[in-house]
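The structure file final32.tsv is reproduced below (TSV, C-alpha atoms).
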```tsv
chain	number	residue	atom	x	y	z
A	1	MET	CA	19.71	213.70	45.28
A	2	ASP	CA	19.35	211.05	42.63
A	3	ARG	CA	21.07	207.74	42.79
A	4	SER	CA	23.19	208.58	39.70
A	5	ASP	CA	24.34	211.85	41.31
A	6	PHE	CA	25.46	209.92	44.37
A	7	TRP	CA	27.55	207.48	42.29
A	8	ARG	CA	28.96	210.33	40.22
A	9	ALA	CA	30.10	212.02	43.46
A	10	VAL	CA	31.62	208.75	44.71
A	11	ALA	CA	33.49	208.31	41.42
A	12	MET	CA	34.83	211.90	41.60
A	13	VAL	CA	36.04	211.38	45.18
A	14	ALA	CA	37.69	208.09	44.16
A	15	LEU	CA	39.43	209.77	41.21
A	16	LEU	CA	40.56	212.61	43.47
A	17	GLY	CA	41.99	210.04	45.92
A	18	VAL	CA	43.87	208.25	43.12
A	19	PHE	CA	45.19	211.59	41.86
A	20	MET	CA	46.41	212.61	45.32
A	21	ALA	CA	48.05	209.21	45.89
A	22	THR	CA	49.81	209.49	42.53
A	23	LEU	CA	51.09	212.97	43.33
A	24	SER	CA	52.38	211.90	46.72
A	25	TYR	CA	54.16	208.92	45.14
A	26	ILE	CA	55.78	211.10	42.47
A	27	HIS	CA	57.04	213.70	44.94
A	28	ARG	CA	58.33	211.19	47.47
A	29	ARG	CA	61.98	211.77	48.34
A	30	PRO	CA	64.36	208.85	47.85
A	31	ALA	CA	66.05	207.40	50.90
A	32	SER	CA	69.45	208.92	51.53
A	33	ARG	CA	72.28	206.64	50.51
A	34	PRO	CA	75.28	206.21	52.76
A	35	VAL	CA	78.36	207.95	51.47
A	36	SER	CA	81.05	205.47	50.58
A	37	GLU	CA	84.70	206.17	51.16
A	38	ALA	CA	85.62	205.03	47.67
A	39	PRO	CA	87.24	207.67	45.48
A	40	ALA	CA	84.75	209.44	43.28
A	41	ILE	CA	87.11	209.72	40.32
A	42	SER	CA	88.66	206.56	39.00
A	43	ALA	CA	92.25	206.51	37.89
A	44	PRO	CA	92.63	206.96	34.15
A	45	ASP	CA	93.24	203.72	32.34
A	46	ASP	CA	95.52	202.98	29.42
A	47	LEU	CA	92.65	203.29	26.97
A	48	SER	CA	91.93	206.85	28.11
A	49	ALA	CA	95.59	207.78	27.74
A	50	GLU	CA	95.69	206.32	24.25
A	51	LEU	CA	92.49	208.15	23.30
A	52	ARG	CA	94.04	211.43	24.42
A	53	ARG	CA	97.20	210.66	22.41
A	54	CYS	CA	95.20	209.81	19.29
A	55	ARG	CA	93.08	212.93	19.69
A	56	ALA	CA	96.23	215.04	19.81
A	57	LEU	CA	97.53	213.63	16.52
A	58	GLY	CA	97.26	215.84	13.52
A	59	PRO	CA	95.23	215.17	10.39
A	60	GLU	CA	98.19	213.46	8.72
A	61	ASP	CA	98.04	210.70	11.35
A	62	ALA	CA	94.26	210.20	11.14
A	63	GLU	CA	94.73	206.82	9.46
A	64	ASP	CA	97.02	205.44	12.17
A	65	PRO	CA	96.09	201.74	12.59
A	66	HIS	CA	96.79	201.79	16.33
A	67	CYS	CA	94.46	204.77	16.79
A	68	ARG	CA	91.78	203.02	14.77
A	69	ALA	CA	92.05	200.05	17.15
A	70	VAL	CA	91.88	202.38	20.16
A	71	TRP	CA	88.74	204.08	18.85
A	72	GLU	CA	87.17	200.67	18.15
A	73	GLU	CA	87.88	199.58	21.73
A	74	ASN	CA	86.36	202.83	22.99
A	75	ARG	CA	83.20	202.11	21.00
A	76	ALA	CA	83.10	198.59	22.43
A	77	ARG	CA	83.39	199.94	25.96
A	78	PHE	CA	80.70	202.56	25.29
A	79	PHE	CA	78.20	199.98	24.03
A	80	GLY	CA	78.72	197.74	27.06
A	81	ARG	CA	81.03	195.12	25.66
A	82	PRO	CA	84.10	194.51	27.81
A	83	ALA	CA	87.03	196.44	26.48
A	84	ARG	CA	90.28	194.59	25.98
A	85	PRO	CA	93.29	196.28	27.57
A	86	LEU	CA	95.49	197.87	24.95
A	87	LEU	CA	99.20	198.12	25.32
A	88	PRO	CA	100.33	201.73	25.05
A	89	GLN	CA	102.26	202.46	21.93
A	90	ALA	CA	104.86	205.15	21.56
A	91	ALA	CA	103.95	208.10	19.41
A	92	PRO	CA	104.36	207.17	15.75
A	93	ALA	CA	107.62	208.26	14.27
A	94	THR	CA	107.09	210.64	11.42
A	95	SER	CA	108.86	209.61	8.28
A	96	PRO	CA	111.31	212.22	7.10
A	97	ALA	CA	110.06	214.04	4.07
A	98	THR	CA	112.95	213.70	1.67
A	99	ASN	CA	112.78	214.53	-1.95
A	100	VAL	CA	115.71	212.78	-3.58
A	101	ARG	CA	116.28	213.70	-7.17
```
Mind turning this structure into structure tokens?
Amino acid sequence: MDRSDFWRAVAMVALLGVFMATLSYIHRRPASRPVSEAPAISAPDDLSAELRRCRALGPEDAEDPHCRAVWEENRARFFGRPARPLLPQAAPATSPATNVR
């Protein structure tokens, strides 16, 4: 056996060892976390209620300024900025459609 064959075999064994160590690290199971007694589902906040109300509005109310503010706050919360609490607003009163001639 040549000297180069010996070092080639050592290098292959070393690579096999690194490969096996990598596989064992990848397939390692995470430590089990203790189950907390906190409720899993948080109570809906005012912003969620307003989002549902704005979603339920028809196309004629798509330009509602309050709903625009609610959607902007939702975007802010999504992108990690702290959302300001919005005061709930009553459903917008529809103006009577009167055609006076």
Inset, instruction - Tell me, in Å to one decimal, how far CA of Phe78 in chain A is from CA of His66 in chain A. - result: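 It comes out at 18.4 Å.
Of note, CA of Arg8 in chain A and CA of Ala21 in chain A are spaced 19.9 Å apart.
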Inset, instruction - Using all atoms listed in the file, pick whichever of A:Thr22, A:Val70, A:Leu16, A:Ser4 has the shortest atom-to-atom distance to Asp46 in chain A. - result: A:Val70
Inset, instruction - Tell me, in Å to one decimal, how far CA of Glu50 in chain A is from CA of Glu63 in chain A. - result: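 Interatomic distance here is 14.8 Å.
In this comparison, which uses only C-alpha atoms, the residue of A:Ala14, A:Leu51, A:Ala56, A:Ala31 approaching Arg68 in chain A most closely is A:Leu51.
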Legend entry - Residue with smallest distance to Ala69 in chain A - pool A:Ala9, A:Ser24, A:Leu47, A:Leu57, counting all atoms listed in the file: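 Between A:Ala9, A:Ser24, A:Leu47, A:Leu57, the residue approaching Ala69 in chain A most closely is A:Leu47.
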So that all listed atoms of range 65-78 of chain A fit with 4 Å spare on each side, what axis-aligned box centre and edge lengths in Å, to one decimal, would you give as lines of an AutoDock Vina configuration file?
```
center_x = 88.7
center_y = 201.7
center_z = 19.3
size_x = 24.1
size_y = 14.2
size_z = 21.4
```
